[in-house]
file structure-v8.cif (mmCIF, C-alpha atoms and all ligand atoms)
data_target
loop_
_atom_site.label_atom_id
_atom_site.label_comp_id
_atom_site.auth_asym_id
_atom_site.auth_seq_id
_atom_site.Cartn_x
_atom_site.Cartn_y
_atom_site.Cartn_z
CA MET A 1 -72.06 -46.37 102.63
CA GLN A 2 -75.46 -45.81 103.99
CA ALA A 3 -77.97 -43.75 102.07
CA VAL A 4 -79.23 -40.50 103.57
CA GLN A 5 -82.28 -41.21 105.67
CA THR A 6 -84.99 -38.68 106.20
CA ARG A 7 -87.54 -40.90 107.84
CA GLN A 8 -89.80 -39.54 110.52
CA PRO A 9 -88.06 -39.08 113.81
CA PRO A 10 -89.64 -40.47 116.96
CA ARG A 11 -91.51 -37.96 119.01
CA ARG A 12 -89.57 -36.55 121.89
CA LEU A 13 -90.43 -34.02 124.52
CA ARG A 14 -93.13 -32.12 122.73
CA GLY A 15 -95.49 -33.50 120.21
CA THR A 16 -98.79 -33.14 118.56
CA PRO A 17 -100.60 -35.85 120.58
CA ARG A 18 -99.76 -34.10 123.85
CA ALA A 19 -100.70 -30.72 122.39
CA MET A 20 -103.90 -32.23 121.02
CA ALA A 21 -104.80 -33.78 124.37
CA LEU A 22 -104.27 -30.41 126.06
CA ALA A 23 -106.27 -28.69 123.32
CA GLY A 24 -109.07 -31.23 123.86
CA LEU A 25 -109.10 -30.47 127.58
CA ALA A 26 -109.09 -26.75 126.93
CA LEU A 27 -111.99 -27.16 124.50
CA ALA A 28 -114.00 -29.16 127.05
CA ALA A 29 -113.27 -26.52 129.70
CA ALA A 30 -114.28 -23.75 127.30
CA ALA A 31 -117.55 -25.56 126.53
CA VAL A 32 -118.34 -25.94 130.24
CA LEU A 33 -117.31 -22.43 131.22
CA GLY A 34 -118.50 -20.80 128.05
CA CYS A 35 -115.18 -18.97 127.51
CA ALA A 36 -114.09 -18.03 124.05
CA GLY A 37 -110.23 -17.76 123.94
CA LEU A 38 -108.32 -21.02 123.50
CA PRO A 39 -104.57 -21.22 124.10
CA SER A 40 -102.44 -21.06 120.96
CA GLY A 41 -100.19 -23.91 119.82
CA ASP A 42 -97.18 -22.07 121.27
CA GLU A 43 -98.92 -21.61 124.62
CA LEU A 44 -99.78 -25.31 124.68
CA ASP A 45 -96.14 -26.15 123.90
CA GLN A 46 -95.08 -23.92 126.79
CA GLN A 47 -97.56 -25.63 129.12
CA ALA A 48 -96.34 -29.07 128.04
CA ASP A 49 -92.74 -27.92 128.61
CA ALA A 50 -93.61 -26.58 132.06
CA ALA A 51 -95.28 -29.90 132.96
CA MET A 52 -92.13 -31.78 131.86
CA HIS A 53 -89.88 -29.52 133.90
CA LYS A 54 -92.11 -29.95 136.94
CA SER A 55 -92.04 -33.76 136.72
CA PHE A 56 -88.25 -34.19 136.45
CA ARG A 57 -85.82 -33.45 139.26
CA ASP A 58 -82.12 -33.91 139.97
CA GLN A 59 -81.40 -37.25 141.56
CA GLY A 60 -77.89 -38.63 142.09
CA ILE A 61 -75.81 -38.21 138.95
CA ALA A 62 -78.96 -37.88 136.81
CA LYS A 63 -79.72 -34.19 136.56
CA ALA A 64 -82.91 -32.62 135.25
CA ASP A 65 -80.94 -30.76 132.58
CA ARG A 66 -81.08 -34.00 130.61
CA ILE A 67 -84.47 -32.94 129.30
CA LYS A 68 -82.93 -29.82 127.74
CA GLN A 69 -82.75 -30.39 124.02
CA ASP A 70 -79.79 -29.40 121.88
CA ALA A 71 -80.37 -27.83 118.44
CA ASN A 72 -80.49 -31.19 116.64
CA GLN A 73 -82.96 -32.75 119.09
CA HIS A 74 -85.12 -29.66 118.90
CA ALA A 75 -85.16 -29.72 115.10
CA CYS A 76 -85.98 -33.44 115.07
CA SER A 77 -88.81 -32.93 117.60
CA VAL A 78 -90.59 -30.01 116.02
CA ASP A 79 -90.19 -30.91 112.35
CA HIS A 80 -91.71 -34.32 111.76
CA ALA A 81 -91.21 -34.19 108.00
CA LEU A 82 -87.69 -32.84 107.56
CA SER A 83 -86.92 -31.70 104.04
CA GLU A 84 -83.86 -33.21 102.32
CA ALA A 85 -82.12 -29.86 102.73
CA ALA A 86 -82.90 -29.61 106.46
CA ALA A 87 -81.75 -33.21 107.01
CA ALA A 88 -78.53 -32.51 105.07
CA ARG A 89 -77.85 -29.46 107.26
CA LEU A 90 -78.36 -31.46 110.47
CA MET A 91 -76.04 -34.21 109.22
CA ALA A 92 -73.37 -31.68 108.22
CA ASP A 93 -73.60 -30.13 111.72
CA ALA A 94 -73.32 -33.60 113.29
CA LYS A 95 -70.29 -34.47 111.12
CA ALA A 96 -68.57 -31.29 112.26
CA THR A 97 -68.74 -32.53 115.90
CA VAL A 98 -66.78 -35.75 115.24
CA LYS A 99 -63.38 -35.97 116.93
CA TRP A 100 -60.94 -38.26 115.20
CA PRO A 101 -58.69 -40.54 117.28
CA ALA A 102 -55.86 -38.41 118.61
CA ASP A 103 -53.13 -40.86 117.53
CA GLY A 104 -54.78 -41.99 114.29
CA ARG A 105 -55.46 -45.43 115.81
CA TYR A 106 -59.02 -46.55 115.08
CA LEU A 107 -59.05 -50.12 116.36
CA GLY A 108 -58.54 -51.53 119.85
CA ASP A 109 -59.31 -54.96 121.30
CA TRP A 110 -62.44 -56.75 120.05
CA ARG A 111 -62.68 -58.77 123.33
CA GLU A 112 -63.14 -55.55 125.27
CA GLY A 113 -65.48 -54.34 122.55
CA GLU A 114 -67.72 -57.38 123.03
CA LYS A 115 -67.97 -56.62 126.78
CA ILE A 116 -68.94 -53.00 126.04
CA ALA A 117 -71.49 -54.08 123.41
CA GLN A 118 -73.05 -56.50 125.93
CA ASN A 119 -73.19 -53.93 128.73
CA GLY A 120 -76.33 -51.84 128.97
CA ARG A 121 -75.66 -50.32 132.37
CA GLY A 122 -74.71 -46.78 133.31
CA PHE A 123 -75.66 -43.14 133.83
CA THR A 124 -78.77 -43.83 135.94
CA TRP A 125 -79.40 -42.06 139.26
CA THR A 126 -78.30 -45.18 141.15
CA ASP A 127 -74.89 -45.21 139.42
CA SER A 128 -72.11 -43.52 141.31
CA SER A 129 -70.26 -42.02 138.36
CA GLY A 130 -71.56 -40.16 135.36
CA ALA A 131 -68.14 -39.62 133.85
CA THR A 132 -67.45 -40.23 130.17
CA GLY A 133 -67.23 -43.91 129.42
CA SER A 134 -68.58 -45.03 132.78
CA GLY A 135 -71.34 -47.04 131.14
CA GLY A 136 -71.74 -49.74 128.52
CA GLY A 137 -72.67 -49.34 124.87
CA SER A 138 -75.97 -51.30 124.87
CA CYS A 139 -75.22 -52.22 121.27
CA TYR A 140 -77.02 -55.58 121.52
CA ASN A 141 -80.19 -53.81 122.67
CA CYS A 142 -80.59 -52.63 119.08
CA HIS A 143 -78.28 -54.76 116.93
CA GLN A 144 -77.39 -58.34 116.18
CA ILE A 145 -73.57 -58.42 116.33
CA GLY A 146 -71.84 -61.67 117.36
CA LYS A 147 -73.38 -65.01 116.38
CA ALA A 148 -73.02 -66.43 119.90
CA GLU A 149 -75.46 -63.89 121.34
CA ILE A 150 -79.01 -65.00 120.56
CA SER A 151 -80.78 -62.26 122.53
CA PHE A 152 -80.53 -58.99 120.65
CA GLY A 153 -82.74 -56.12 119.54
CA ASN A 154 -83.59 -55.22 115.97
CA ILE A 155 -84.16 -51.46 116.09
CA GLY A 156 -80.88 -51.18 114.17
CA PRO A 157 -79.61 -53.35 111.30
CA SER A 158 -77.67 -56.56 111.95
CA LEU A 159 -73.95 -55.89 112.32
CA TYR A 160 -73.00 -59.56 112.00
CA ASN A 161 -70.12 -59.90 109.50
CA TYR A 162 -69.88 -56.08 109.51
CA GLY A 163 -66.25 -55.87 108.32
CA LYS A 164 -66.35 -58.98 106.14
CA ASN A 165 -69.45 -57.80 104.25
CA ARG A 166 -67.69 -54.53 103.52
CA GLY A 167 -64.55 -56.26 102.22
CA VAL A 168 -62.31 -55.22 105.12
CA ALA A 169 -59.48 -57.79 105.16
CA ASP A 170 -56.94 -55.41 106.72
CA PRO A 171 -58.42 -52.44 108.63
CA ALA A 172 -55.04 -50.63 108.40
CA ALA A 173 -54.96 -50.79 104.57
CA PRO A 174 -55.69 -47.49 102.77
CA THR A 175 -58.53 -49.20 100.85
CA ALA A 176 -60.32 -49.85 104.16
CA ALA A 177 -60.11 -46.20 105.25
CA PRO A 178 -63.56 -45.09 103.99
CA VAL A 179 -65.34 -47.92 105.88
CA VAL A 180 -63.19 -47.43 108.99
CA GLN A 181 -63.80 -43.65 109.04
CA TYR A 182 -67.52 -44.01 108.32
CA THR A 183 -67.85 -46.46 111.24
CA TRP A 184 -65.97 -44.13 113.59
CA MET A 185 -68.22 -41.23 112.60
CA LYS A 186 -71.37 -43.30 112.96
CA ILE A 187 -70.41 -44.38 116.48
CA TRP A 188 -69.13 -40.92 117.50
CA ASN A 189 -72.24 -39.11 116.26
CA SER A 190 -74.86 -41.36 114.66
CA ARG A 191 -76.67 -38.28 113.33
CA SER A 192 -73.80 -37.65 110.88
CA TYR A 193 -75.47 -40.13 108.56
CA SER A 194 -79.10 -40.16 109.64
CA ALA A 195 -80.31 -36.72 110.72
CA CYS A 196 -82.58 -37.90 113.55
CA SER A 197 -81.10 -41.34 114.26
CA THR A 198 -82.35 -43.16 117.36
CA MET A 199 -78.82 -44.50 117.97
CA PRO A 200 -77.05 -42.82 120.91
CA ARG A 201 -74.32 -40.34 119.91
CA PHE A 202 -71.65 -42.16 121.88
CA GLY A 203 -68.69 -39.82 121.45
CA HIS A 204 -70.64 -36.61 121.06
CA SER A 205 -72.74 -37.18 124.19
CA ALA A 206 -69.69 -38.35 126.20
CA LEU A 207 -71.13 -41.83 126.73
CA MET A 208 -67.95 -43.57 125.59
CA THR A 209 -64.26 -42.71 125.66
CA GLU A 210 -62.06 -42.88 122.57
CA ASP A 211 -60.64 -46.17 123.85
CA GLN A 212 -64.08 -47.71 124.26
CA ILE A 213 -64.98 -46.64 120.73
CA ARG A 214 -61.71 -48.21 119.47
CA ASN A 215 -62.71 -51.47 121.15
CA VAL A 216 -66.20 -51.64 119.62
CA MET A 217 -64.62 -50.63 116.28
CA ALA A 218 -62.39 -53.72 116.59
CA LEU A 219 -65.41 -55.87 117.41
CA LEU A 220 -66.98 -54.78 114.10
CA LEU A 221 -63.91 -54.51 111.87
CA ASP A 222 -61.08 -56.75 113.13
CA PRO A 223 -60.95 -59.82 110.84
CA LYS A 224 -60.08 -61.88 113.95
CA SER A 225 -63.25 -60.79 115.78
CA PRO A 226 -65.91 -63.54 115.91
CA VAL A 227 -68.22 -61.02 114.21
CA ASN A 228 -66.29 -61.54 110.97
CA GLN A 229 -65.90 -65.34 111.12
C1 LIG B 1 -81.17 -47.42 120.64
C2 LIG B 1 -80.75 -48.24 119.55
C3 LIG B 1 -79.30 -48.33 119.16
C4 LIG B 1 -78.20 -48.58 119.98
C5 LIG B 1 -78.17 -48.72 121.48
C6 LIG B 1 -77.07 -48.71 119.09
N1 LIG B 1 -77.47 -48.52 117.80
FE1 LIG B 1 -76.29 -48.61 116.14
N2 LIG B 1 -77.86 -48.13 114.95
C7 LIG B 1 -79.16 -47.96 115.38
C8 LIG B 1 -80.00 -47.66 114.22
C9 LIG B 1 -81.50 -47.41 114.27
C10 LIG B 1 -79.17 -47.67 113.09
C11 LIG B 1 -79.59 -47.45 111.63
C12 LIG B 1 -79.15 -46.13 111.10
C13 LIG B 1 -79.65 -44.95 111.89
O1 LIG B 1 -80.83 -44.66 111.91
O2 LIG B 1 -78.79 -44.34 112.56
C14 LIG B 1 -77.82 -47.96 113.59
C15 LIG B 1 -76.71 -48.06 112.77
C16 LIG B 1 -75.46 -48.44 113.19
C17 LIG B 1 -74.29 -48.58 112.33
C18 LIG B 1 -74.26 -48.36 110.83
C19 LIG B 1 -74.61 -49.63 110.14
C20 LIG B 1 -74.46 -49.58 108.63
O3 LIG B 1 -74.70 -50.62 107.98
O4 LIG B 1 -74.10 -48.54 108.09
C21 LIG B 1 -73.24 -48.98 113.13
C22 LIG B 1 -71.83 -49.26 112.69
C23 LIG B 1 -73.75 -49.07 114.48
N3 LIG B 1 -75.09 -48.75 114.48
C24 LIG B 1 -72.98 -49.45 115.57
C25 LIG B 1 -73.44 -49.46 116.89
C26 LIG B 1 -72.60 -49.77 118.02
C27 LIG B 1 -71.15 -50.19 117.95
C28 LIG B 1 -73.38 -49.62 119.15
C29 LIG B 1 -72.97 -49.74 120.58
C30 LIG B 1 -71.80 -49.00 120.99
C31 LIG B 1 -74.72 -49.23 118.69
N4 LIG B 1 -74.70 -49.15 117.33
C32 LIG B 1 -75.79 -48.99 119.53
C33 LIG B 1 -79.60 -48.06 116.68
C34 LIG B 1 -78.81 -48.29 117.79
#

call {"tool": "encode", "arguments": {"input": "structure-v8.cif", "output": "structure tokens"}}
result
Amino acid sequence: MQAVQTRQPPRRLRGTPRAMALAGLALAAAAVLGCAGLPSGDELDQQADAAMHKSFRDQGIAKADRIKQDANQHACSVDHALSEAAAARLMADAKATVKWPADGRYLGDWREGEKIAQNGRGFTWTDSSGATGSGGGSCYNCHQIGKAEISFGNIGPSLYNYGKNRGVADPAAPTAAPVVQYTWMKIWNSRSYSACSTMPRFGHSALMTEDQIRNVMALLLDPKSPVNQ
């Protein structure tokens, strides 16, 4: 199991550099104009927010409401040094969002999983459908997975031999359940185990269907998958 991570989250919509740049501008303006009152940090945040909302618009299936943050994103944006307790709360909230497979079946077809892992398309304004599961998983953008693929990102850890390294000989065996359930949770809502993870929350954000998640689960955990050879 992965240890709790409380590393610094990446900056998102608001951040100190932007606020500092605006503060710098305001200071310069004040010097030139000789005015005294500078905007407060909250006012600068509001101005930065307003600028963001002005620059984004609805186009095709990509709507401007994508820049609205949920509670977790907000917490990860404003608090750049989350305490252990705050991180634990965010992870508990994320865990509570996880939906387990309706029929108790966690694994699908690793061949389909490999296609999903390879596919980085979907959900842009030029795509015709923004429905759940209408895009790929982009897994290789961040992870090494299969040995045959030599072009992969390294933002996330290597997932090569994922099941084998965790001793999963039979994913249906009761002894494999903790690894199988952890993997489902991680893919459904990555922030269950890393409060401000950069990994997309595939189930939670309706990027993948249950079936697609089953297929990438098989890619990682099926002993017959090339990942575990
Ligand atoms: C934008 C980058 C990114 C993408 C895309 C991504 N991941 Fe991740 N993933 C990460 C990072 C970073 C971690 C390390 C833990 C953390 O911070 O969440 C991780 C961790 C994991 C873990 C836990 C590994 C362990 O040893 O506990 C699994 C499993 C995983 N990813 C599967 C996937 C799958 C399957 C996909 C595609 C459907 C995927 N990831 C797509 C970034 C990504």

call {"tool": "closest_atom_pairs", "arguments": {"input": "structure-v8.cif", "of": "chain A", "to": "ligand LIG 1 (chain B)", "cutoff": "9 Å", "atoms": "only C-alpha atoms and all ligand atoms", "output": "Markdown table"}}
result
| residue | atom | partner | partner_atom | distance |
| --- | --- | --- | --- | --- |
| A:Met1 | CA | B:LIG1 | O4 | 6.2 |
| A:Gln2 | CA | B:LIG1 | O4 | 5.1 |
| A:Ala3 | CA | B:LIG1 | O4 | 8.6 |
| A:Gln5 | CA | B:LIG1 | O1 | 7.3 |
| A:Arg7 | CA | B:LIG1 | O1 | 8.7 |
| A:Gly113 | CA | B:LIG1 | C27 | 8.4 |
| A:Ile116 | CA | B:LIG1 | C30 | 7.0 |
| A:Ala117 | CA | B:LIG1 | C29 | 5.4 |
| A:Gln118 | CA | B:LIG1 | C29 | 8.6 |
| A:Gly120 | CA | B:LIG1 | C5 | 8.3 |
| A:Gly136 | CA | B:LIG1 | C30 | 7.6 |
| A:Gly137 | CA | B:LIG1 | C30 | 4.0 |
| A:Ser138 | CA | B:LIG1 | C5 | 4.8 |
| A:Cys139 | CA | B:LIG1 | C29 | 3.4 |
| A:Tyr140 | CA | B:LIG1 | C5 | 7.0 |
| A:Asn141 | CA | B:LIG1 | C5 | 5.6 |
| A:Cys142 | CA | B:LIG1 | C2 | 4.4 |
| A:His143 | CA | B:LIG1 | N1 | 6.4 |
| A:Ile145 | CA | B:LIG1 | C27 | 8.7 |
| A:Gly153 | CA | B:LIG1 | C2 | 8.1 |
| A:Asn154 | CA | B:LIG1 | C33 | 8.2 |
| A:Ile155 | CA | B:LIG1 | C9 | 5.2 |
| A:Gly156 | CA | B:LIG1 | C8 | 3.6 |
| A:Pro157 | CA | B:LIG1 | C11 | 5.9 |
| A:Ser158 | CA | B:LIG1 | O3 | 7.7 |
| A:Leu159 | CA | B:LIG1 | C19 | 6.7 |
| A:Tyr162 | CA | B:LIG1 | O3 | 7.4 |
| A:Tyr182 | CA | B:LIG1 | O4 | 8.0 |
| A:Thr183 | CA | B:LIG1 | C22 | 5.1 |
| A:Trp184 | CA | B:LIG1 | C22 | 7.8 |
| A:Met185 | CA | B:LIG1 | C22 | 8.8 |
| A:Lys186 | CA | B:LIG1 | C21 | 6.0 |
| A:Ile187 | CA | B:LIG1 | C24 | 5.8 |
| A:Ser190 | CA | B:LIG1 | O2 | 5.4 |
| A:Arg191 | CA | B:LIG1 | O2 | 6.5 |
| A:Ser192 | CA | B:LIG1 | O2 | 8.5 |
| A:Tyr193 | CA | B:LIG1 | O2 | 6.7 |
| A:Ser194 | CA | B:LIG1 | O2 | 5.1 |
| A:Ala195 | CA | B:LIG1 | O2 | 8.0 |
| A:Cys196 | CA | B:LIG1 | O1 | 7.2 |
| A:Ser197 | CA | B:LIG1 | O1 | 4.1 |
| A:Thr198 | CA | B:LIG1 | C9 | 5.3 |
| A:Met199 | CA | B:LIG1 | C34 | 3.8 |
| A:Pro200 | CA | B:LIG1 | C4 | 5.9 |
| A:Arg201 | CA | B:LIG1 | C32 | 8.8 |
| A:Phe202 | CA | B:LIG1 | C30 | 6.9 |
| A:Met208 | CA | B:LIG1 | C30 | 8.1 |
| A:Gln212 | CA | B:LIG1 | C30 | 8.5 |
| A:Ile213 | CA | B:LIG1 | C30 | 7.2 |
| A:Val216 | CA | B:LIG1 | C27 | 5.4 |
| A:Met217 | CA | B:LIG1 | C27 | 6.8 |
| A:Leu219 | CA | B:LIG1 | C27 | 8.1 |
| A:Leu220 | CA | B:LIG1 | C27 | 7.3 |

call {"tool": "residues_around", "arguments": {"input": "structure-v8.cif", "residues": "range 61-64 of chain A", "least_positions_apart": "5", "cutoff": "9 Å", "atoms": "only C-alpha atoms", "output": "list in words"}}
result
His53, Phe56, Phe123, Thr124, Trp125, Thr126, Asp127, Ser128, Ser129 and Gly130 of chain A

call {"tool": "atom_distance", "arguments": {"input": "structure-v8.cif", "atom1": "CA of Asn119 in chain A", "atom2": "CA of Ser134 in chain A"}}
result
10.8 Å

call {"tool": "closest_residue", "arguments": {"input": "structure-v8.cif", "among": "A:Glu114, A:Asp70, A:Asp49, A:Glu43", "to": "Asn215 in chain A", "atoms": "only C-alpha atoms"}}
result
A:Glu114

call {"tool": "atom_distance", "arguments": {"input": "structure-v8.cif", "atom1": "CA of Pro171 in chain A", "atom2": "CA of Trp188 in chain A"}}
result
18.1 Å

call {"tool": "atom_distance", "arguments": {"input": "structure-v8.cif", "atom1": "CA of Ala131 in chain A", "atom2": "CA of Asp109 in chain A"}}
result
21.7 Å
